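Participant: Just data_25.txt, nothing more (compact mmCIF, C-alpha atoms):
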# COMPACT_ATOMS: atom_id res chain seq x y z
CA MET M 1 91.99 49.33 128.30
CA SER M 2 88.65 50.86 127.42
CA ARG M 3 87.22 50.96 123.92
CA GLY M 4 88.65 53.89 121.92
CA MET M 5 91.75 54.05 124.06
CA LYS M 6 94.98 54.33 122.08
CA ILE M 7 98.62 54.08 123.04
CA TYR M 8 100.95 57.03 122.84
CA ILE M 9 104.62 56.10 122.84
CA TYR M 10 107.67 58.08 123.95
CA GLY M 11 110.60 55.80 123.39
CA ILE M 12 112.10 52.34 123.44
CA ILE M 13 114.31 51.49 126.39
CA ASP M 14 116.75 48.72 127.25
CA SER M 15 114.67 47.52 130.17
CA ASN M 16 111.60 45.36 130.55
CA ASN M 17 110.96 46.55 134.10
CA GLY M 18 108.34 49.02 135.22
CA ILE M 19 109.04 52.75 135.21
CA GLY M 20 110.34 53.31 138.71
CA GLU M 21 109.71 56.88 139.62
CA SER M 22 106.50 58.70 138.91
CA VAL M 23 106.89 60.09 135.42
CA CYS M 24 104.11 62.30 134.16
CA GLY M 25 103.29 61.98 130.47
CA LEU M 26 101.23 63.82 127.89
CA LYS M 27 98.22 65.64 129.39
CA GLY M 28 99.23 64.34 132.81
CA ALA M 29 98.75 60.69 131.83
CA GLY M 30 100.61 57.95 133.67
CA VAL M 31 103.63 56.46 131.93
CA TYR M 32 104.30 52.72 131.87
CA ASN M 33 106.54 50.20 130.14
CA ILE M 34 105.26 47.60 127.68
CA PRO M 35 107.91 44.87 127.96
CA TYR M 36 109.10 42.81 125.02
CA ARG M 37 111.89 40.32 125.71
CA ASP M 38 114.68 42.35 127.40
CA ILE M 39 113.55 45.78 126.15
CA GLY M 40 110.35 47.82 126.39
CA VAL M 41 108.21 50.55 124.92
CA VAL M 42 107.41 53.45 127.20
CA ALA M 43 103.83 54.55 126.68
CA SER M 44 100.75 56.32 128.00
CA ASP M 45 97.11 55.54 127.42
CA LEU M 46 95.54 58.13 125.17
CA ASN M 47 91.83 58.69 125.40
CA GLY M 48 90.46 60.23 122.22
CA GLN M 49 92.40 62.44 119.86
CA ILE M 50 95.97 63.52 120.39
CA GLY M 51 95.04 67.19 119.88
CA ASP M 52 96.96 70.04 118.34
CA ILE M 53 100.71 70.44 118.41
CA THR M 54 101.53 72.81 121.23
CA GLN M 55 104.74 73.84 122.89
CA ASP M 56 103.49 72.32 126.15
CA SER M 57 102.80 68.92 124.62
CA ALA M 58 106.19 68.87 122.87
CA VAL M 59 107.91 69.71 126.13
CA GLU M 60 105.90 67.04 128.01
CA HIS M 61 107.04 64.42 125.49
CA GLU M 62 110.63 65.59 125.73
CA ARG M 63 110.60 65.53 129.55
CA VAL M 64 109.53 61.90 129.58
CA VAL M 65 112.39 60.95 127.26
CA GLU M 66 114.86 62.88 129.37
CA LYS M 67 113.72 61.20 132.57
CA LEU M 68 114.06 57.82 130.92
CA MET M 69 117.63 58.67 129.91
CA ILE M 70 118.67 58.98 133.52
CA ASN M 71 118.61 55.23 134.04
CA CYS M 72 118.28 53.68 130.59
CA ALA M 73 119.46 53.77 127.02
CA VAL M 74 116.59 55.31 125.06
CA LEU M 75 115.57 55.40 121.43
CA PRO M 76 113.40 58.52 121.43
CA VAL M 77 110.32 58.11 119.30
CA LYS M 78 108.94 60.93 117.21
CA PHE M 79 106.61 63.29 119.00
CA ARG M 80 102.91 62.34 118.40
CA THR M 81 103.42 58.68 117.61
CA VAL M 82 100.25 56.74 118.45
CA PHE M 83 99.36 53.05 118.13
CA ALA M 84 95.83 51.71 117.98
CA SER M 85 96.40 48.92 120.51
CA ARG M 86 98.91 47.13 122.70
CA GLU M 87 98.88 44.24 120.23
CA ASN M 88 100.06 46.59 117.46
CA VAL M 89 102.90 47.82 119.66
CA LEU M 90 104.00 44.26 120.45
CA SER M 91 103.77 43.29 116.79
CA MET M 92 106.06 46.18 115.88
CA MET M 93 108.49 45.17 118.63
CA LYS M 94 108.55 41.62 117.34
CA ASP M 95 109.32 42.80 113.79
CA TYR M 96 112.10 45.22 114.72
CA TYR M 97 113.50 43.86 117.94
CA SER M 98 117.01 43.19 116.61
CA ASP M 99 117.33 46.72 115.16
CA PHE M 100 116.10 48.30 118.35
CA ARG M 101 118.50 46.18 120.36
CA ALA M 102 121.46 47.17 118.15
CA ASN M 103 120.57 50.88 118.34
CA LEU M 104 120.15 50.75 122.09
CA ASP M 105 123.60 49.22 122.46
CA ARG M 106 125.16 51.80 120.16
CA LEU M 107 123.50 54.81 121.80
CA ARG M 108 123.93 53.83 125.42
CA ASP M 109 125.47 56.71 127.40
CA LYS M 110 125.44 59.01 124.40
CA VAL M 111 123.83 62.43 124.04
CA GLU M 112 123.30 64.72 121.11
CA PHE M 113 124.37 68.33 120.64
CA GLY M 114 123.11 70.69 117.96
CA ILE M 115 125.28 73.29 116.27
CA LYS M 116 123.93 75.81 113.80
CA ILE M 117 126.21 78.31 112.10
CA ILE M 118 125.32 81.36 110.06
CA TRP M 119 127.82 82.99 107.73
CA PRO M 120 127.40 86.07 105.51
CA GLY M 121 126.37 83.88 102.57
CA GLU M 122 124.44 86.48 100.63
CA ALA M 123 127.35 88.93 100.84
CA ILE M 124 129.81 86.22 99.77
CA LYS M 125 127.64 85.37 96.77
CA ALA M 126 127.37 89.04 95.80
CA ARG M 127 131.16 89.32 95.99
CA LEU M 128 131.57 86.25 93.79
CA ASP M 129 129.20 87.80 91.27
CA ILE M 130 131.24 91.00 91.13
CA ASP M 131 134.49 89.05 90.82
CA TYR M 132 133.08 86.91 88.06
CA ASN M 133 131.99 89.91 86.04
CA LYS M 134 135.32 91.65 86.61
CA ASN M 135 137.42 88.62 85.67
CA ASN M 136 135.47 87.72 82.60
CA ALA M 137 134.39 90.98 81.02
CA SER M 138 137.60 91.27 79.03
CA VAL M 139 137.72 87.62 77.95
CA ASN M 140 134.31 86.96 76.50
CA PRO M 141 130.75 87.27 77.71
CA ALA M 142 130.61 83.62 78.65
CA GLY M 143 133.46 84.02 81.00
CA SER M 144 136.24 82.31 82.78
CA VAL M 145 136.83 81.50 86.37
CA LYS M 146 140.07 81.81 88.25
CA GLY M 147 141.77 83.00 85.08
CA GLN M 148 140.86 79.87 83.16
CA ALA M 149 139.04 80.87 80.01
CA ILE M 150 136.04 78.88 78.95
CA ASP M 151 136.50 77.76 75.39
CA TRP M 152 133.25 78.81 73.79
CA PRO M 153 132.88 77.81 70.15
CA ASP M 154 133.69 80.44 67.59
CA LEU M 155 130.28 81.81 66.86
CA ASP M 156 131.28 84.17 64.06
CA GLY M 157 128.68 86.58 65.30
CA ARG M 158 125.92 84.27 64.11
CA LEU M 159 124.69 83.48 67.58
CA ALA M 160 126.06 86.48 69.42
CA ASP M 161 122.66 88.04 69.86
CA SER M 162 120.77 84.83 70.18
CA PRO M 163 118.48 84.82 73.25
CA ALA M 164 119.21 81.11 73.65
CA LYS M 165 122.93 81.72 73.91
CA ARG M 166 122.50 84.63 76.27
CA PHE M 167 120.30 82.41 78.44
CA LEU M 168 122.94 79.70 78.48
CA MET M 169 125.69 82.19 79.30
CA ASN M 170 123.73 83.50 82.22
CA ALA M 171 122.96 79.99 83.45
CA PHE M 172 126.65 79.14 83.17
CA LYS M 173 127.61 82.19 85.19
CA ASN M 174 125.18 81.18 87.95
CA TYR M 175 126.51 77.64 87.82
CA LYS M 176 130.11 78.78 88.29
CA ILE M 177 129.24 81.17 91.10
CA ASP M 178 127.19 78.51 92.84
CA LYS M 179 129.99 76.01 92.50
CA GLU M 180 132.55 78.35 93.99
CA PHE M 181 130.13 79.34 96.74
CA LYS M 182 129.68 75.69 97.72
CA GLU M 183 133.45 75.11 97.65
CA LYS M 184 133.93 78.01 100.04
CA ALA M 185 131.18 76.62 102.29
CA ASP M 186 132.80 73.16 102.27
CA GLY M 187 136.11 74.68 103.25
CA CYS M 188 134.61 76.66 106.10
CA ILE M 189 132.60 73.69 107.37
CA ALA M 190 135.66 71.43 107.26
CA VAL M 191 137.60 73.81 109.50
CA VAL M 192 134.83 74.11 112.07
CA ASP M 193 133.73 70.48 111.93
CA HIS M 194 137.28 69.30 112.57
CA LEU M 195 137.19 70.90 116.01
CA PHE M 196 133.90 69.24 116.98
CA SER M 197 134.66 65.88 115.42
CA ARG M 198 137.66 65.40 117.67
CA VAL M 199 135.26 65.05 120.60
CA ALA M 200 132.17 63.53 118.94
CA VAL M 201 131.69 59.88 118.04
CA ASP M 202 129.27 60.51 115.19
CA LYS M 203 127.76 63.44 113.32
CA LYS M 204 125.09 64.48 110.87
CA LEU M 205 125.94 67.56 108.84
CA GLU M 206 123.56 69.53 106.70
CA LYS M 207 125.18 72.36 104.77
CA LEU M 208 123.66 75.50 103.24
CA ARG M 209 120.01 74.90 104.02
CA THR M 210 119.79 78.55 103.06
CA ASP M 211 122.60 80.69 101.63
CA ASN M 212 123.24 82.08 105.11
CA LEU M 213 122.66 78.96 107.20
CA LEU M 214 126.07 77.46 106.57
CA LEU M 215 125.77 74.46 108.86
CA ASN M 216 123.04 72.64 110.71
CA ALA M 217 124.75 69.83 112.54
CA ALA M 218 124.03 67.20 115.16
CA TYR M 219 126.92 65.59 117.01
CA LEU M 220 126.74 62.42 119.05
CA VAL M 221 128.88 62.67 122.14
CA ASP M 222 129.74 60.32 124.99
CA ARG M 223 127.88 61.41 128.08
CA ASN M 224 131.16 61.82 129.96
CA LYS M 225 132.62 64.02 127.19
CA GLN M 226 129.92 66.68 127.32
CA HIS M 227 132.24 69.15 128.98
CA ASP M 228 134.89 68.58 126.29
CA PHE M 229 132.34 69.23 123.58
CA ARG M 230 131.29 72.43 125.24
CA GLU M 231 134.94 73.50 125.37
CA ALA M 232 135.35 72.68 121.69
CA PHE M 233 132.42 74.96 120.99
CA GLU M 234 133.87 77.81 123.06
CA HIS M 235 137.20 77.41 121.29
CA THR M 236 135.55 77.40 117.85
CA ARG M 237 133.54 80.48 118.69
CA SER M 238 136.58 82.38 119.85
CA VAL M 239 138.77 81.39 116.88
CA HIS M 240 136.17 81.83 114.14
CA CYS M 241 134.45 84.90 115.47
CA GLY M 242 133.05 86.13 112.14
CA LEU M 243 130.34 83.50 112.28
CA LYS M 244 127.10 83.36 114.28
CA TYR M 245 126.48 80.28 116.39
CA LEU M 246 123.59 78.46 117.97
CA PHE M 247 124.59 75.77 120.42
CA SER M 248 122.06 73.43 122.01
CA GLY M 249 122.09 70.29 124.06
CA PRO M 250 122.50 67.80 125.48
CA TRP M 251 119.51 66.18 123.76
CA PRO M 252 118.38 62.60 123.51
CA PRO M 253 120.05 61.18 120.36
CA TYR M 254 117.10 61.76 118.02
CA ASN M 255 119.24 62.10 114.92
CA PHE M 256 121.27 58.96 115.42
CA VAL M 257 118.69 56.21 115.55
CA ASP M 258 119.47 54.21 112.45
CA LEU M 259 116.71 51.94 111.19
CA ARG M 260 117.99 51.45 107.67
CA GLY M 261 118.08 47.68 108.05
CA SER M 262 114.44 47.70 109.10
CA LEU M 263 113.44 49.92 106.27
CA ILE M 264 115.14 47.69 103.72
CA ARG M 265 113.41 44.65 105.11
CA SER M 266 110.05 46.36 105.34
CA GLY M 267 110.43 47.24 101.68
CA MET M 268 110.65 43.54 100.93
CA ALA M 269 107.87 42.59 103.31
CA VAL M 270 104.26 43.28 102.61
CA GLY M 271 101.80 45.27 104.65
CA GLN M 272 102.12 45.74 108.31
CA GLY M 273 105.88 46.14 108.55
CA ALA M 274 105.98 49.04 106.15
CA ARG M 275 102.95 50.69 107.72
CA VAL M 276 104.35 50.36 111.20
CA ILE M 277 107.70 51.85 110.30
CA LYS M 278 105.99 54.82 108.70
CA ARG M 279 104.04 55.41 111.89
CA LEU M 280 107.02 54.87 114.09
CA SER M 281 109.52 56.95 112.08
CA LEU M 282 112.12 57.48 114.75
CA LYS M 283 113.37 60.76 113.40
CA ALA M 284 114.49 64.04 114.79
CA CYS M 285 111.66 65.92 116.36
CA HIS M 286 114.03 67.90 118.51
CA LYS M 287 114.47 70.47 115.76
CA VAL M 288 110.84 71.43 116.20
CA MET M 289 111.17 71.37 119.93
CA ARG M 290 114.31 73.41 119.90
CA TYR M 291 112.67 75.99 117.77
CA ASP M 292 109.61 76.08 119.98
CA ASN M 293 111.81 76.53 123.00
CA GLU M 294 113.55 79.45 121.39
CA MET E 295 120.06 63.89 137.81
CA THR E 296 118.57 65.90 134.96
CA MET E 297 120.05 66.86 131.64
CA ASN E 298 121.60 70.29 131.95
CA ARG E 299 120.15 71.65 128.72
CA THR E 300 121.57 74.73 127.09
CA VAL E 301 120.25 76.63 124.10
CA GLU E 302 122.63 79.46 123.44
CA THR E 303 123.10 81.90 120.59
CA ASP E 304 124.54 85.32 119.98
CA ALA E 305 121.93 86.14 117.30
CA PRO E 306 118.48 84.70 118.13
CA GLU E 307 116.54 86.84 115.64
CA THR E 308 118.87 85.96 112.78
CA PHE E 309 118.54 82.25 113.51
CA ILE E 310 114.76 82.45 113.73
CA ASP E 311 114.66 84.19 110.32
CA GLU E 312 116.95 81.66 108.68
CA ILE E 313 115.16 78.66 110.20
CA ASN E 314 111.84 80.03 108.99
CA GLN E 315 113.27 80.51 105.51
CA SER E 316 114.66 77.00 105.47
CA ARG E 317 111.24 75.54 106.13
CA THR E 318 109.66 76.44 102.84
CA GLY E 319 109.00 73.78 100.28
CA LEU E 320 106.82 70.75 99.93
CA GLY E 321 105.43 69.56 103.26
CA LYS E 322 105.45 65.99 104.44
CA LYS E 323 101.87 65.55 103.33
CA ILE E 324 100.16 66.62 100.15
CA ASP E 325 97.47 69.15 100.82
CA ALA E 326 94.57 67.09 99.52
CA ASN E 327 91.55 68.83 100.95
CA PRO E 328 88.70 69.35 98.44
CA GLU E 329 89.46 73.06 97.97
CA ASP E 330 93.19 72.74 97.34
CA VAL E 331 93.66 69.25 95.96
CA GLU E 332 94.55 70.54 92.51
CA LYS E 333 97.20 72.89 93.86
CA GLY E 334 98.61 70.23 96.19
CA LEU E 335 99.07 67.74 93.38
CA ALA E 336 100.39 70.39 91.00
CA LYS E 337 102.98 71.29 93.59
CA LEU E 338 104.18 67.69 93.74
CA VAL E 339 104.25 67.24 89.97
CA LEU E 340 105.96 70.57 89.32
CA THR E 341 108.54 69.79 92.00
CA LEU E 342 109.49 66.63 90.13
CA ILE E 343 109.58 68.43 86.79
CA GLU E 344 111.74 71.14 88.31
CA LEU E 345 114.13 68.48 89.60
CA ILE E 346 114.48 66.99 86.12
CA ARG E 347 114.90 70.45 84.58
CA LYS E 348 117.66 71.31 87.04
CA LEU E 349 119.44 68.03 86.37
CA MET E 350 119.32 68.74 82.64
CA GLU E 351 120.65 72.23 83.22
CA LYS E 352 123.48 70.95 85.38
CA GLN E 353 124.47 68.41 82.77
CA ALA E 354 124.45 71.14 80.11
CA MET E 355 126.66 73.36 82.27
CA ARG E 356 129.16 70.55 82.65
CA ARG E 357 129.28 70.14 78.90
CA VAL E 358 129.79 73.88 78.45
CA GLU E 359 132.54 73.76 81.05
CA GLY E 360 134.14 70.88 79.18
CA GLY E 361 134.32 73.08 76.09
CA SER E 362 133.20 70.37 73.71
CA LEU E 363 130.01 71.92 72.37
CA THR E 364 129.60 73.20 68.84
CA ASP E 365 127.77 76.46 68.16
CA GLU E 366 124.71 74.55 66.96
CA GLU E 367 124.67 72.50 70.13
CA ILE E 368 124.97 75.62 72.26
CA GLU E 369 122.06 77.22 70.44
CA ARG E 370 119.92 74.08 70.74
CA ILE E 371 120.66 73.47 74.42
CA GLY E 372 120.15 77.13 75.26
CA GLU E 373 116.82 77.19 73.49
CA THR E 374 115.65 73.98 75.17
CA LEU E 375 116.55 75.20 78.64
CA MET E 376 115.04 78.60 78.01
CA LYS E 377 111.75 77.15 76.80
CA LEU E 378 111.64 74.75 79.72
CA GLU E 379 112.11 77.59 82.17
CA ASP E 380 109.45 79.69 80.44
CA LYS E 381 107.00 76.80 80.56
CA MET E 382 107.71 76.19 84.23
CA GLN E 383 107.17 79.86 84.97
CA GLU E 384 103.84 79.70 83.17
CA LEU E 385 102.71 76.63 85.12
CA LYS E 386 103.77 78.14 88.43
CA GLU E 387 101.68 81.22 87.69
CA VAL E 388 98.68 79.09 86.73
CA PHE E 389 98.79 77.24 90.06
CA GLY E 390 99.91 80.22 92.14
CA LEU E 391 103.17 78.63 93.23
CA GLU E 392 106.46 80.30 94.13
CA ASP E 393 109.94 78.96 93.38
CA GLU E 394 110.69 78.18 97.01
CA GLU E 395 107.55 76.04 97.28
CA LEU E 396 108.89 73.57 94.74
CA ASN E 397 111.15 71.63 97.04
CA LEU E 398 110.98 68.34 98.82
CA ASN E 399 112.56 67.30 102.09
CA LEU E 400 114.12 63.87 101.73
CA GLY E 401 114.83 63.46 105.42
CA PRO E 402 118.40 62.31 106.03
CA LEU E 403 119.31 62.98 102.39
CA GLY E 404 118.47 66.66 102.76
CA ASP E 405 116.44 68.72 100.35
CA LEU E 406 115.68 67.78 96.79
CA MET E 407 116.88 71.21 95.60
What is this file in structure tokens?
Facilitator:
Amino acid sequence: MSRGMKIYIYGIIDSNNGIGESVCGLKGAGVYNIPYRDIGVVASDLNGQIGDITQDSAVEHERVVEKLMINCAVLPVKFRTVFASRENVLSMMKDYYSDFRANLDRLRDKVEFGIKIIWPGEAIKARLDIDYNKNNASVNPAGSVKGQAIDWPDLDGRLADSPAKRFLMNAFKNYKIDKEFKEKADGCIAVVDHLFSRVAVDKKLEKLRTDNLLLNAAYLVDRNKQHDFREAFEHTRSVHCGLKYLFSGPWPPYNFVDLRGSLIRSGMAVGQGARVIKRLSLKACHKVMRYDNE
Amino acid sequence: MTMNRTVETDAPETFIDEINQSRTGLGKKIDANPEDVEKGLAKLVLTLIELIRKLMEKQAMRRVEGGSLTDEEIERIGETLMKLEDKMQELKEVFGLEDEELNLNLGPLGDLM
């Protein structure tokens, strides 16, 4: 490897053999396997800087991972992960071999699907606001929810016009509306998630990233159950038709690589381990890619 | 064999809008270039202050909900929270920051706020 050459990595695979078919990597670079014990790191040589993030480069990275998945279990590595040398890659493999091995075994023959759901969150919140005002106007300005009066202290008019009290009342109103809004969201998510969870083996749910984005979920599904998952989606969409859906997949299981054990240990270790794990950070880059593809 | 990828939605524009909205907040790196270093650091510090302020507010709301506060306590808590919010507003204006910028993505744990 010439001076200044770095190593760009795509993923960790459960094979220490060479990459069989001709796989084309970032900027047309050749792709090869750096073996370590019975697993390997799939990499390309990178001459100079990695360059800007572009849709093309994200897709090139993703294509390599997908090709690897045809014959191997793959831990996809975050887009734009670069090591300074082969020695650094091997050192990282030595430190985290057992975690990589465990993840590879767990994710073999699994794929990931993404589900995003939009509900009329802003309208629901506006409705809750109206209901709150209606239900509580006749009780006291602080309010009650679901007919349960809030027992504000008897203020004897002393604090009735206090800006501080008015501020607290308003904050309390927002708190109650927000609480009820989240309860409604939880209920809606539970109904939908139940249908997907029957087919999936694992899931990552993120609720209410915005008021309208009810659910942003990733489901881990056995490769041979992909069709069932798709059917679950079609069923959900037909039953709960008041929602808007975004379905995507199958993806490599970006969201299900679990390196918690490594992170705990690297916290106890000094230096290289912690630095390496920061650089490696096997986290979901598919969200970016998905968005770019849209 | 290739992966038969599908990306399917009945409302692409709506999803793009919501995804864009959900991306506001503190980035993964502090903007520490010479021109903006002050703003970048202020953003981080104010995000943490805002977190503490919101925790205090939530705790106060739970106490209100519990109905155990005296009128003096209500006045004192209300005044504290109000002054905190005013001060935060002032600091945000000084550093040219918007509410939605004061957030932090904690990866698998979700957003700070």
Participant: Name the closest residue to Asp129 (chain M) among the candidates M:Val191, M:Val59, M:Val239, M:Ile177; distances are taken between atoms, counting all atoms listed in the file.
Facilitator: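 Between M:Val191, M:Val59, M:Val239, M:Ile177, the residue approaching Asp129 (chain M) most closely is M:Ile177.
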Participant: May I ask for the distance between CA of Lys179 (chain M) and CA of Ile124 (chain M), given in Å to one decimal place?
Facilitator: 12.5 Å
Participant: Calculated over only C-alpha atoms, which of the candidates E:Glu366, E:Asp393, E:Lys352, E:Glu344 has the smallest distance to Asp178 (chain M)?
Facilitator: E:Lys352
Participant: Restrict the distance test to all atoms listed in the file, flag each residue of chain E within 10 Å of chain M, and return the flagged residues as a PyMOL selection string.
Facilitator: chain E and resi 295-310+312-317+351-352+354-356+358-377+401-405+407
Participant: Find the spatial neighbours of Lys27 (chain M), counting all atoms listed in the file, within a cut-off of 10 Å - ignore same-chain residues fewer than 3 positions away - and output them as number ranges by chain.
Facilitator: M: 24, 30, 44, 46, 50, 56-57, 60-61
